[in-house]
Amino acid sequence: MKHASSLARISPLAPPEVAITDLTKRFGALTALDAVSLTVRPGTVHALLGENGAGKSTLVKCLMGTYRADGGQIRVDGAEMRLSNPREAQKLGLGMVYQHFTLVPSMSVAENLVLGEEDMPAVIDWPNRRKALREFMDSMPFRLDLDRVVSGLSAGEKQKLEILKQLHLGSRFLILDEPTSVLTPDEADQILGLMRDLAREGRISVVLISHKLREVETYADEVTVLRGGKRVGQGQVSDLGRADMVRMMVGEAPPATERAGAEHVTGAEVLRIDGLSVDNDRGVTAVRDLGLAVRAGEVLGIAGVSGNGQTELVEALAGQRDATGGAITVDGKPFHRTRAEMRDLKIRLLPEDPLRNACVRAMSVAENLSLRSYDEPPFSRWGFWLDRAAIRSHGEELIARFHVKTQGPDALIGTLSGGNVQRTVLARELSEGVRVLIVQNPCFGLDLKAVAEIRSRILAARDDGAAVLLISEDLDEILELSDRIAVMSQGRLVHETPRAAASLQEIGRHMAAH
Amino acid sequence: MEGDAGWLSVLVAILGGAIRVSTPYLFVSLGETLTEKGGRVNLGLEGVLVMGAMTGYATAVLTGEPWFGVLVAGCAGAMLSLVHGLICSLPRVNDIAVGIALFIFGTGLAFFLGKAFINPSAPRLPSISLGGWSDVPQIRSALEINVLFLVGLALALFIAWGLRNTRWGLVLRTVGDSSEAAEALGYRVNRVRIAGTVAGGFLSGIGGSYLSLYFPGTWNEGLSSGQGLMAVTLVIFARWDPIRCFYASLLFGGATALGPALQTVGITANYYLYGAAPYFLTLGLLIYSSSRQHALAGAPGEVSISR
Ligand SMILES: Nc1ncnc2c1ncn2[C@@H]1O[C@H](COP(=O)(O)OP(=O)(O)OP(=O)(O)O)[C@@H](O)[C@H]1O
Ligand SMILES: [Mg+2]
């Protein structure tokens, strides 16, 4: 076995059996978990499936002691547990890789690895520690330079570090909350393959939360499906087909992206970027001399491994970051990324991590929905008076039209699940005429239904004549939606091809070339 | 030839002045570094400084033992900062606002309690003469190094080491950089932050006692000229690095010593303008270290000025 030597360092104890019975958790009026039961047998990979907001994260957070359950029991090796703190869970060998990274950004890889150690000494003997860490790294299927600072790692590297950290801590029961949403398919296979191998050898148990059925089919032994906080299905993956799992998740047949108007017409050039250069936070050039053009009724898909300047490009287009050079025009008019121009030229944007980049956390859903137009009639009178009733009813209408799951228009946007934040922003950006639509990773972490719906809406905008710039790390998504495909590598567009002529190998080769 | 000696003595005077004046900057900026590494800003350190000056002086007057005064000053500073730490742990409390309140409260309280100690004189802290090799009086007086300066230098080295090599250091930085990560690791964010703030207050209190017990060495209401506030800028300029705090303190001290040093060679014109040098320096450094393009390198992620 390839990983044999690494296993020596993972705790010699067998993984615990974890049994959850009738677990209930309420947030105010909302019952996020309703008497859910499941048992994870030692040495298995147990997948947790469900739509956005089904309660998957809530379930595992109760298990880790982050949330305190309102009812039910958790037994670890038969003994009932009342955990109130993730550190206690850690002592029992339970470890979690969170949906959002929990690494310390300003610290090095080595410091992050040492931090979680239960017996971290008062004075750290770095030379010895580093030697031990280097040995540990060498025994792992993927390794990271111990001295690199976390804030400089790509999303995929951070994800690997999170998992390395848990293995280093000797966790025997690993919970992975959507571990692969930021990884390339190869990286995902590498990480999940390792998890499965370790489980097969009876060294760890794994709870895997994922929206990707392919991963569940390939790597999980058992599956539990949640819907609206209730358990709606459970079984061996080998007994269930993909269609069964989808039916349990959404209660109906598998959704598909509507490809209405597949023979859309491509019009004149709308968005044009010439010689754009942008620096990253550290003052290093992240986008260099980039040029592209998108026509009306066309989707230009930009593929690429994360960290090749995509985020800086979108931030520059959004006006969040100054460009160091270059020009952008829309319909032949210069675009300086001001709010007024965005309104006049009808430029709309769905950036990655929309809760941070496109929402005001402390505002309600309705207020967030009005951010583009609150200062215009009918929401504003005489240029300064806001009509809150109009904002609220406009919010209600969009919530209904875009199926946003929220406790109401007045709920804070921060309480929505990830997929619903995404829908809220898309509702705001697409509700009026769109000339240019810029979207980055629009389906990260979304469930099947939401993915199909959001992709359909992007295509609908294209069919209505919008020029769409799609920047995504998900190659399948690029292939599904784009009319033309380009690859971004080290801040440049290195390869461009029409969709019809695109070859997966060719694109993959350009993505991997550094 | 004579002109040369004149300028040399200006340089020596600036160096001596820098060491003398920089000590309180050093202690307060080290204290602020500890506080901010934990994720909070304590603008009240100016108040803490004045309180330290008063309690240190009063203790020295009453007991005749200046080192005991230093200790009491540190404890007074720690107590005052504890108030800051506790209030800021309540939900939805802004640390800047609490800091300003503490600043005003600390100075007010010190003036109120310190009225009785304006006249009596306290024993001063000792110094070490390193200028014995020279027979130039200016050099001798410039190299009259106070002990607290050396303690501060040692502390800067120790804190720099401790932040990297001790459990406390790592936990403090974790809490200051990402409360989410700290919670996931099971650390109590508020407790660690309070500890950082209290330690910072202890150091700032000592910085205050230096003012009243060594230089200028008296207690009155005009003792501090905003060193506690400027130390906050200094920490930003020093990029939250204790060693660089040491250099930055020397730089600020040197700027303050500019006017008096020029006076020694008879340049008295624009004396008050030179007196404003540290404030110009503060302003210049703030502008220099800000940028639309780049994040502040080294800034703890949870500190409100970098969010
Ligand atoms: N801290 C909280 N306060 C209030 N409501 C919450 C909180 N955390 C979660 N919820 C609500 O509980 C429900 C379940 O959320 P949870 O995060 O467990 O969903 P999920 O299945 O992990 O979804 P996703 O696939 O989007 O990650 C959602 O309706 C969510 O809005
Ligand atoms: Mg979740």
# chains A, B, ... in the order shown; residues from 1 in each chain; ligands from 1
>>> residues_around(residues="A:Gly508", least_positions_apart="3", cutoff="9 Å", atoms="only C-alpha atoms", output="PyMOL selection string")
chain A and resi 304+475+487+503-505+511-513
>>> write_last_selection(atoms="N, CA and C atoms", output="PDB file, in the first residue's frame")
ATOM      1  N   GLY A 304      -9.560  27.617 -15.734  1.00  0.00           N
ATOM      2  CA  GLY A 304      -8.249  27.814 -15.132  1.00  0.00           C
ATOM      3  C   GLY A 304      -8.234  27.323 -13.696  1.00  0.00           C
ATOM      4  N   LEU A 475     -14.588  22.758 -14.849  1.00  0.00           N
ATOM      5  CA  LEU A 475     -14.462  22.600 -16.291  1.00  0.00           C
ATOM      6  C   LEU A 475     -15.761  22.099 -16.921  1.00  0.00           C
ATOM      7  N   VAL A 487      -8.499  29.684 -21.683  1.00  0.00           N
ATOM      8  CA  VAL A 487      -7.863  29.210 -20.457  1.00  0.00           C
ATOM      9  C   VAL A 487      -7.008  30.328 -19.884  1.00  0.00           C
ATOM     10  N   SER A 503     -11.240  20.612 -27.076  1.00  0.00           N
ATOM     11  CA  SER A 503     -10.830  19.275 -26.666  1.00  0.00           C
ATOM     12  C   SER A 503     -10.439  19.326 -25.203  1.00  0.00           C
ATOM     13  N   LEU A 504     -10.992  18.404 -24.442  1.00  0.00           N
ATOM     14  CA  LEU A 504     -10.772  18.385 -23.006  1.00  0.00           C
ATOM     15  C   LEU A 504      -9.289  18.254 -22.669  1.00  0.00           C
ATOM     16  N   GLN A 505      -8.600  17.399 -23.417  1.00  0.00           N
ATOM     17  CA  GLN A 505      -7.177  17.178 -23.154  1.00  0.00           C
ATOM     18  C   GLN A 505      -6.396  18.466 -23.367  1.00  0.00           C
ATOM     19  N   MET A 511      -4.322  24.255 -18.768  1.00  0.00           N
ATOM     20  CA  MET A 511      -4.591  24.606 -17.375  1.00  0.00           C
ATOM     21  C   MET A 511      -3.442  24.177 -16.483  1.00  0.00           C
ATOM     22  N   ALA A 512      -2.893  23.006 -16.788  1.00  0.00           N
ATOM     23  CA  ALA A 512      -1.856  22.445 -15.918  1.00  0.00           C
ATOM     24  C   ALA A 512      -0.489  23.058 -16.180  1.00  0.00           C
ATOM     25  N   ALA A 513      -0.282  23.602 -17.400  1.00  0.00           N
ATOM     26  CA  ALA A 513       1.039  24.128 -17.750  1.00  0.00           C
ATOM     27  C   ALA A 513       1.358  25.352 -16.909  1.00  0.00           C
TER      28      ALA A 513
END
>>> residues_near_ligand(ligand="ligand 1", cutoff="6 Å", atoms="only C-alpha atoms and all ligand atoms", output="MDAnalysis selection string")
chainID A and resid 27 32 51:58 415:419
>>> write_last_selection(atoms="N, CA and C atoms", output="PDB file, in the first residue's frame")
ATOM      1  N   PHE A  27     -33.342  26.818  15.306  1.00  0.00           N
ATOM      2  CA  PHE A  27     -32.861  28.206  15.331  1.00  0.00           C
ATOM      3  C   PHE A  27     -34.101  29.074  15.395  1.00  0.00           C
ATOM      4  N   ALA A  32     -34.068  23.226  12.114  1.00  0.00           N
ATOM      5  CA  ALA A  32     -33.055  22.909  11.110  1.00  0.00           C
ATOM      6  C   ALA A  32     -32.804  21.411  11.050  1.00  0.00           C
ATOM      7  N   GLU A  51     -30.229  19.030  -0.239  1.00  0.00           N
ATOM      8  CA  GLU A  51     -30.215  20.331  -0.914  1.00  0.00           C
ATOM      9  C   GLU A  51     -29.592  21.390  -0.014  1.00  0.00           C
ATOM     10  N   ASN A  52     -29.381  22.569  -0.563  1.00  0.00           N
ATOM     11  CA  ASN A  52     -28.898  23.683   0.260  1.00  0.00           C
ATOM     12  C   ASN A  52     -29.920  23.966   1.357  1.00  0.00           C
ATOM     13  N   GLY A  53     -29.431  24.072   2.566  1.00  0.00           N
ATOM     14  CA  GLY A  53     -30.325  24.379   3.674  1.00  0.00           C
ATOM     15  C   GLY A  53     -31.022  23.163   4.244  1.00  0.00           C
ATOM     16  N   ALA A  54     -30.609  21.968   3.835  1.00  0.00           N
ATOM     17  CA  ALA A  54     -31.257  20.754   4.335  1.00  0.00           C
ATOM     18  C   ALA A  54     -30.869  20.464   5.783  1.00  0.00           C
ATOM     19  N   GLY A  55     -29.761  21.012   6.235  1.00  0.00           N
ATOM     20  CA  GLY A  55     -29.344  20.815   7.620  1.00  0.00           C
ATOM     21  C   GLY A  55     -28.073  19.986   7.777  1.00  0.00           C
ATOM     22  N   LYS A  56     -27.353  19.771   6.695  1.00  0.00           N
ATOM     23  CA  LYS A  56     -26.159  18.917   6.746  1.00  0.00           C
ATOM     24  C   LYS A  56     -25.092  19.527   7.651  1.00  0.00           C
ATOM     25  N   SER A  57     -24.775  20.801   7.409  1.00  0.00           N
ATOM     26  CA  SER A  57     -23.738  21.445   8.230  1.00  0.00           C
ATOM     27  C   SER A  57     -24.185  21.508   9.681  1.00  0.00           C
ATOM     28  N   THR A  58     -25.462  21.773   9.894  1.00  0.00           N
ATOM     29  CA  THR A  58     -25.976  21.851  11.259  1.00  0.00           C
ATOM     30  C   THR A  58     -25.778  20.520  11.974  1.00  0.00           C
ATOM     31  N   THR A 415     -28.032  34.836   7.579  1.00  0.00           N
ATOM     32  CA  THR A 415     -28.623  33.607   8.109  1.00  0.00           C
ATOM     33  C   THR A 415     -29.034  32.645   6.999  1.00  0.00           C
ATOM     34  N   LEU A 416     -28.925  33.071   5.739  1.00  0.00           N
ATOM     35  CA  LEU A 416     -29.301  32.187   4.639  1.00  0.00           C
ATOM     36  C   LEU A 416     -28.201  31.164   4.367  1.00  0.00           C
ATOM     37  N   SER A 417     -28.593  30.006   3.850  1.00  0.00           N
ATOM     38  CA  SER A 417     -27.564  29.028   3.476  1.00  0.00           C
ATOM     39  C   SER A 417     -26.871  29.526   2.210  1.00  0.00           C
ATOM     40  N   GLY A 418     -25.691  28.988   1.958  1.00  0.00           N
ATOM     41  CA  GLY A 418     -24.850  29.473   0.864  1.00  0.00           C
ATOM     42  C   GLY A 418     -25.575  29.579  -0.467  1.00  0.00           C
ATOM     43  N   GLY A 419     -26.332  28.550  -0.809  1.00  0.00           N
ATOM     44  CA  GLY A 419     -27.016  28.544  -2.090  1.00  0.00           C
ATOM     45  C   GLY A 419     -28.039  29.657  -2.196  1.00  0.00           C
TER      46      GLY A 419
END
>>> interface_residues(of="chain A", to="chain B", cutoff="9 Å", atoms="only C-alpha atoms", output="MDAnalysis selection string")
chainID A and resid 66 85:88 90 96 98 101:107 111 115:116 120:126 279:283 321:322
>>> select_by_dssp(residues="stretch 42-230 of chain B", states="helix (DSSP H, G or I)", output="VMD selection string")
chain B and resid 45 to 63 66 to 88 95 to 117 137 to 142 147 to 165 167 to 177 179 to 184 189 to 213 227 to 230
>>> residues_around(residues="stretch 340-353 of chain A", least_positions_apart="2", cutoff="9 Å", atoms="only C-alpha atoms", output="ChimeraX atom specification")
/A:311,314-315,317-318,330-331,333,335-338,355-358,372-373,418,422,425-426,429-430,432-442,444
>>> write_last_selection(atoms="N, CA, C and O atoms", output="short mmCIF file (atom, residue, chain, number, x, y, z; two decimals), in the first residue's frame")
data_model
loop_
_atom_site.label_atom_id
_atom_site.label_comp_id
_atom_site.auth_asym_id
_atom_site.auth_seq_id
_atom_site.Cartn_x
_atom_site.Cartn_y
_atom_site.Cartn_z
N THR A 311 -9.60 35.91 -9.67
CA THR A 311 -10.24 36.75 -8.66
C THR A 311 -9.88 38.21 -8.87
O THR A 311 -10.74 39.10 -8.81
N VAL A 314 -11.85 39.67 -11.82
CA VAL A 314 -13.24 40.00 -11.50
C VAL A 314 -13.30 41.21 -10.59
O VAL A 314 -14.13 42.11 -10.79
N GLU A 315 -12.40 41.29 -9.63
CA GLU A 315 -12.40 42.45 -8.74
C GLU A 315 -12.12 43.73 -9.51
O GLU A 315 -12.69 44.78 -9.22
N LEU A 317 -12.89 44.26 -12.66
CA LEU A 317 -14.09 44.57 -13.44
C LEU A 317 -15.20 45.12 -12.54
O LEU A 317 -16.02 45.91 -12.96
N ALA A 318 -15.19 44.68 -11.29
CA ALA A 318 -16.24 45.12 -10.36
C ALA A 318 -15.93 46.49 -9.77
O ALA A 318 -16.78 47.07 -9.10
N VAL A 330 -17.53 49.03 -23.18
CA VAL A 330 -18.79 48.32 -23.32
C VAL A 330 -19.60 49.04 -24.38
O VAL A 330 -19.81 50.25 -24.27
N ASP A 331 -19.98 48.32 -25.44
CA ASP A 331 -20.66 48.93 -26.57
C ASP A 331 -19.88 50.13 -27.09
O ASP A 331 -20.45 51.17 -27.43
N LYS A 333 -18.21 52.26 -25.53
CA LYS A 333 -18.01 53.37 -24.59
C LYS A 333 -17.04 52.94 -23.49
O LYS A 333 -17.11 51.81 -23.00
N PHE A 335 -15.44 52.23 -20.02
CA PHE A 335 -16.06 51.82 -18.75
C PHE A 335 -15.03 51.98 -17.65
O PHE A 335 -13.99 51.33 -17.66
N HIS A 336 -15.31 52.92 -16.73
CA HIS A 336 -14.35 53.17 -15.64
C HIS A 336 -14.79 52.53 -14.34
O HIS A 336 -14.29 52.87 -13.28
N ARG A 337 -15.77 51.67 -14.42
CA ARG A 337 -16.20 50.87 -13.28
C ARG A 337 -16.83 51.71 -12.18
O ARG A 337 -16.61 51.48 -11.00
N THR A 338 -17.57 52.75 -12.57
CA THR A 338 -18.31 53.50 -11.58
C THR A 338 -19.73 52.95 -11.52
O THR A 338 -20.18 52.28 -12.43
N LEU A 355 -21.45 36.50 -0.39
CA LEU A 355 -21.80 37.08 0.91
C LEU A 355 -20.80 38.18 1.27
O LEU A 355 -21.15 39.18 1.88
N ARG A 356 -19.56 37.98 0.89
CA ARG A 356 -18.54 38.98 1.21
C ARG A 356 -18.43 40.05 0.14
O ARG A 356 -18.24 41.22 0.43
N ASN A 357 -18.55 39.65 -1.13
CA ASN A 357 -18.24 40.58 -2.21
C ASN A 357 -19.45 41.29 -2.79
O ASN A 357 -19.30 42.24 -3.55
N ALA A 358 -20.65 40.81 -2.52
CA ALA A 358 -21.80 41.41 -3.19
C ALA A 358 -22.97 41.65 -2.24
O ALA A 358 -24.06 41.95 -2.69
N ARG A 372 -28.78 47.75 -5.91
CA ARG A 372 -28.48 48.35 -7.20
C ARG A 372 -29.36 49.57 -7.49
O ARG A 372 -29.00 50.41 -8.31
N SER A 373 -30.54 49.63 -6.86
CA SER A 373 -31.52 50.61 -7.32
C SER A 373 -32.20 51.38 -6.20
O SER A 373 -33.16 52.09 -6.44
N GLY A 418 -25.69 28.99 1.96
CA GLY A 418 -24.85 29.47 0.86
C GLY A 418 -25.58 29.58 -0.47
O GLY A 418 -25.46 30.58 -1.18
N GLN A 422 -26.49 33.00 -2.92
CA GLN A 422 -26.18 33.04 -4.34
C GLN A 422 -27.43 33.43 -5.15
O GLN A 422 -27.38 34.26 -6.04
N VAL A 425 -28.35 37.17 -4.78
CA VAL A 425 -27.53 38.09 -5.57
C VAL A 425 -27.91 37.98 -7.04
O VAL A 425 -28.06 38.99 -7.74
N LEU A 426 -28.13 36.76 -7.50
CA LEU A 426 -28.50 36.58 -8.90
C LEU A 426 -29.85 37.25 -9.18
O LEU A 426 -30.04 37.85 -10.24
N GLU A 429 -29.16 40.89 -9.62
CA GLU A 429 -28.39 41.25 -10.81
C GLU A 429 -29.15 40.98 -12.10
O GLU A 429 -28.89 41.61 -13.12
N LEU A 430 -30.05 39.99 -12.08
CA LEU A 430 -30.71 39.62 -13.33
C LEU A 430 -32.10 40.20 -13.46
O LEU A 430 -32.74 40.04 -14.50
N GLU A 432 -33.30 43.13 -13.83
CA GLU A 432 -33.54 44.13 -14.86
C GLU A 432 -32.73 43.78 -16.10
O GLU A 432 -31.97 42.83 -16.09
N GLY A 433 -32.89 44.57 -17.16
CA GLY A 433 -32.17 44.28 -18.41
C GLY A 433 -30.68 44.17 -18.17
O GLY A 433 -30.10 44.94 -17.41
N VAL A 434 -30.05 43.19 -18.80
CA VAL A 434 -28.61 43.00 -18.63
C VAL A 434 -27.93 43.09 -19.98
O VAL A 434 -28.38 42.47 -20.94
N ARG A 435 -26.86 43.85 -20.06
CA ARG A 435 -26.09 43.94 -21.29
C ARG A 435 -24.82 43.09 -21.16
O ARG A 435 -24.45 42.35 -22.05
N VAL A 436 -24.17 43.23 -20.01
CA VAL A 436 -22.97 42.44 -19.74
C VAL A 436 -23.17 41.73 -18.42
O VAL A 436 -23.53 42.36 -17.42
N LEU A 437 -22.96 40.42 -18.41
CA LEU A 437 -23.07 39.67 -17.16
C LEU A 437 -21.73 39.00 -16.89
O LEU A 437 -21.22 38.25 -17.72
N ILE A 438 -21.16 39.31 -15.74
CA ILE A 438 -19.88 38.71 -15.37
C ILE A 438 -20.14 37.79 -14.18
O ILE A 438 -20.64 38.24 -13.15
N VAL A 439 -19.86 36.51 -14.34
CA VAL A 439 -20.11 35.58 -13.24
C VAL A 439 -18.86 34.77 -12.94
O VAL A 439 -18.17 34.32 -13.84
N GLN A 440 -18.59 34.63 -11.64
CA GLN A 440 -17.44 33.82 -11.24
C GLN A 440 -17.92 32.68 -10.36
O GLN A 440 -18.62 32.91 -9.38
N ASN A 441 -17.55 31.47 -10.72
CA ASN A 441 -17.92 30.27 -9.95
C ASN A 441 -19.36 30.34 -9.44
O ASN A 441 -19.58 30.25 -8.24
N PRO A 442 -20.34 30.48 -10.33
CA PRO A 442 -21.70 30.75 -9.86
C PRO A 442 -22.31 29.59 -9.11
O PRO A 442 -23.28 29.79 -8.39
N PHE A 444 -20.62 27.25 -7.01
CA PHE A 444 -19.85 26.67 -5.91
C PHE A 444 -20.76 26.28 -4.77
O PHE A 444 -21.49 27.09 -4.24
#
>>> residues_around(residues="B:Tyr279", least_positions_apart="6", cutoff="10 Å", atoms="only C-alpha atoms", output="list in words")
Gly226, Met230, Phe252, Ala255, Thr256 and Leu285 of chain B
>>> atom_distance(atom1="atom CA of B:Leu62", atom2="atom CA of B:Leu213")
13.2 Å
>>> closest_residue(among="B:Arg239, B:Ala261, B:Tyr247, B:Ser127", to="B:Ser290", atoms="only C-alpha atoms")
B:Arg239
>>> residues_around(residues="B:Leu150", least_positions_apart="2", cutoff="12 Å", atoms="only C-alpha atoms", output="number ranges by chain")
B: 19-20, 22-23, 26-27, 126-128, 144-148, 152-157, 246
>>> write_last_selection(atoms="N, CA, C and O atoms", output="compact mmCIF listing (two decimals), in the first residue's frame")
# COMPACT_ATOMS: atom_id res chain seq x y z
N ILE B 19 17.29 58.08 22.95
CA ILE B 19 17.22 57.00 23.95
C ILE B 19 16.34 57.42 25.12
O ILE B 19 15.51 56.67 25.60
N ARG B 20 16.52 58.67 25.54
CA ARG B 20 15.75 59.16 26.68
C ARG B 20 14.27 59.21 26.37
O ARG B 20 13.43 58.77 27.14
N SER B 22 12.63 57.85 23.84
CA SER B 22 11.98 56.71 23.19
C SER B 22 11.43 55.69 24.18
O SER B 22 10.56 54.91 23.83
N THR B 23 11.95 55.68 25.41
CA THR B 23 11.56 54.61 26.33
C THR B 23 10.05 54.46 26.51
O THR B 23 9.52 53.36 26.36
N LEU B 26 8.53 53.05 23.48
CA LEU B 26 8.86 51.63 23.34
C LEU B 26 7.89 50.77 24.16
O LEU B 26 7.30 49.82 23.65
N PHE B 27 7.71 51.15 25.43
CA PHE B 27 6.84 50.34 26.26
C PHE B 27 5.40 50.36 25.78
O PHE B 27 4.73 49.34 25.73
N PRO B 126 17.50 54.62 38.60
CA PRO B 126 18.93 54.70 38.33
C PRO B 126 19.24 54.62 36.84
O PRO B 126 18.39 54.25 36.04
N SER B 127 20.45 54.99 36.48
CA SER B 127 20.89 54.83 35.10
C SER B 127 22.29 54.24 35.10
O SER B 127 22.95 54.17 36.13
N ILE B 128 22.70 53.80 33.93
CA ILE B 128 24.03 53.20 33.80
C ILE B 128 24.87 54.09 32.90
O ILE B 128 24.41 54.49 31.83
N GLU B 144 24.41 58.20 29.19
CA GLU B 144 23.84 57.90 30.50
C GLU B 144 22.53 57.14 30.23
O GLU B 144 21.48 57.73 30.04
N ILE B 145 22.61 55.80 30.16
CA ILE B 145 21.45 55.03 29.69
C ILE B 145 20.59 54.60 30.86
O ILE B 145 21.10 53.99 31.81
N ASN B 146 19.30 54.90 30.77
CA ASN B 146 18.42 54.48 31.86
C ASN B 146 18.15 52.98 31.78
O ASN B 146 18.13 52.38 30.70
N VAL B 147 17.94 52.39 32.93
CA VAL B 147 17.81 50.93 33.00
C VAL B 147 16.55 50.45 32.28
O VAL B 147 16.54 49.41 31.63
N LEU B 148 15.46 51.24 32.38
CA LEU B 148 14.21 50.81 31.76
C LEU B 148 14.35 50.68 30.24
O LEU B 148 13.72 49.84 29.62
N GLY B 152 13.37 47.50 28.23
CA GLY B 152 12.49 47.55 27.07
C GLY B 152 13.08 46.84 25.88
O GLY B 152 12.39 46.09 25.18
N LEU B 153 14.37 47.05 25.67
CA LEU B 153 15.05 46.36 24.56
C LEU B 153 14.97 44.85 24.74
O LEU B 153 14.62 44.10 23.82
N ALA B 154 15.25 44.41 25.98
CA ALA B 154 15.18 42.97 26.25
C ALA B 154 13.77 42.45 26.03
O ALA B 154 13.55 41.37 25.47
N LEU B 155 12.79 43.25 26.46
CA LEU B 155 11.39 42.85 26.30
C LEU B 155 11.02 42.71 24.82
O LEU B 155 10.31 41.78 24.42
N ALA B 156 11.49 43.66 24.01
CA ALA B 156 11.19 43.61 22.58
C ALA B 156 11.70 42.31 21.99
O ALA B 156 10.99 41.61 21.26
N LEU B 157 12.92 41.96 22.36
CA LEU B 157 13.49 40.71 21.86
C LEU B 157 12.68 39.52 22.38
O LEU B 157 12.37 38.58 21.64
N PHE B 246 11.01 48.75 18.34
CA PHE B 246 12.19 49.32 18.99
C PHE B 246 12.83 50.40 18.11
O PHE B 246 13.06 51.53 18.54
>>> residues_around(residues="B:Thr264", least_positions_apart="6", cutoff="12 Å", atoms="only C-alpha atoms", output="number ranges by chain")
B: 5-14, 17, 138, 257-258, 271
>>> write_last_selection(atoms="N, CA, C and O atoms", output="mmCIF file, in the first residue's frame")
data_model
loop_
_atom_site.group_PDB
_atom_site.id
_atom_site.type_symbol
_atom_site.label_atom_id
_atom_site.label_comp_id
_atom_site.auth_asym_id
_atom_site.auth_seq_id
_atom_site.Cartn_x
_atom_site.Cartn_y
_atom_site.Cartn_z
ATOM 1 N N ALA B 5 32.703 69.782 15.010
ATOM 2 C CA ALA B 5 32.448 69.380 16.394
ATOM 3 C C ALA B 5 31.045 69.764 16.808
ATOM 4 O O ALA B 5 30.354 69.031 17.508
ATOM 5 N N GLY B 6 30.592 70.947 16.307
ATOM 6 C CA GLY B 6 29.236 71.390 16.623
ATOM 7 C C GLY B 6 28.196 70.401 16.129
ATOM 8 O O GLY B 6 27.321 69.985 16.880
ATOM 9 N N TRP B 7 28.348 69.995 14.884
ATOM 10 C CA TRP B 7 27.356 69.063 14.332
ATOM 11 C C TRP B 7 27.444 67.705 14.985
ATOM 12 O O TRP B 7 26.434 67.041 15.187
ATOM 13 N N LEU B 8 28.676 67.332 15.324
ATOM 14 C CA LEU B 8 28.834 66.063 16.028
ATOM 15 C C LEU B 8 28.066 66.086 17.336
ATOM 16 O O LEU B 8 27.354 65.152 17.680
ATOM 17 N N SER B 9 28.183 67.215 18.037
ATOM 18 C CA SER B 9 27.485 67.265 19.317
ATOM 19 C C SER B 9 25.974 67.285 19.122
ATOM 20 O O SER B 9 25.228 66.787 19.953
ATOM 21 N N VAL B 10 25.513 67.824 17.960
ATOM 22 C CA VAL B 10 24.074 67.755 17.683
ATOM 23 C C VAL B 10 23.659 66.294 17.534
ATOM 24 O O VAL B 10 22.680 65.846 18.114
ATOM 25 N N LEU B 11 24.469 65.554 16.766
ATOM 26 C CA LEU B 11 24.142 64.140 16.550
ATOM 27 C C LEU B 11 24.125 63.376 17.864
ATOM 28 O O LEU B 11 23.225 62.583 18.128
ATOM 29 N N VAL B 12 25.164 63.657 18.686
ATOM 30 C CA VAL B 12 25.226 62.975 19.978
ATOM 31 C C VAL B 12 24.030 63.339 20.828
ATOM 32 O O VAL B 12 23.413 62.483 21.473
ATOM 33 N N ALA B 13 23.661 64.608 20.776
ATOM 34 C CA ALA B 13 22.512 65.046 21.567
ATOM 35 C C ALA B 13 21.235 64.387 21.072
ATOM 36 O O ALA B 13 20.366 63.992 21.859
ATOM 37 N N ILE B 14 21.121 64.252 19.740
ATOM 38 C CA ILE B 14 19.921 63.595 19.213
ATOM 39 C C ILE B 14 19.882 62.138 19.662
ATOM 40 O O ILE B 14 18.851 61.631 20.094
ATOM 41 N N GLY B 17 19.052 62.031 23.288
ATOM 42 C CA GLY B 17 17.643 62.397 23.442
ATOM 43 C C GLY B 17 16.753 61.268 22.970
ATOM 44 O O GLY B 17 15.731 60.965 23.588
ATOM 45 N N GLN B 138 29.305 66.043 26.510
ATOM 46 C CA GLN B 138 28.050 65.748 25.826
ATOM 47 C C GLN B 138 27.877 64.239 25.616
ATOM 48 O O GLN B 138 26.784 63.691 25.768
ATOM 49 N N ALA B 257 13.730 64.812 19.967
ATOM 50 C CA ALA B 257 14.951 65.414 20.509
ATOM 51 C C ALA B 257 15.575 66.434 19.560
ATOM 52 O O ALA B 257 16.547 67.095 19.897
ATOM 53 N N LEU B 258 15.003 66.550 18.364
ATOM 54 C CA LEU B 258 15.593 67.404 17.339
ATOM 55 C C LEU B 258 15.706 68.861 17.798
ATOM 56 O O LEU B 258 16.784 69.472 17.733
ATOM 57 N N TYR B 271 12.062 76.787 16.948
ATOM 58 C CA TYR B 271 12.144 75.756 17.980
ATOM 59 C C TYR B 271 10.842 74.973 18.074
ATOM 60 O O TYR B 271 10.816 73.741 18.134
#
>>> residues_around(residues="stretch 29-36 of chain B", least_positions_apart="5", cutoff="8 Å", atoms="only C-alpha atoms", output="number ranges by chain")
B: 41-42, 45, 156, 176, 193, 196-204, 231-232, 234-235, 240-242, 245, 249, 300, 303
>>> closest_residue(among="A:Gly301, A:Gly50, A:Gly491, A:Gly233", to="ligand 2", atoms="only C-alpha atoms and all ligand atoms")
A:Gly50
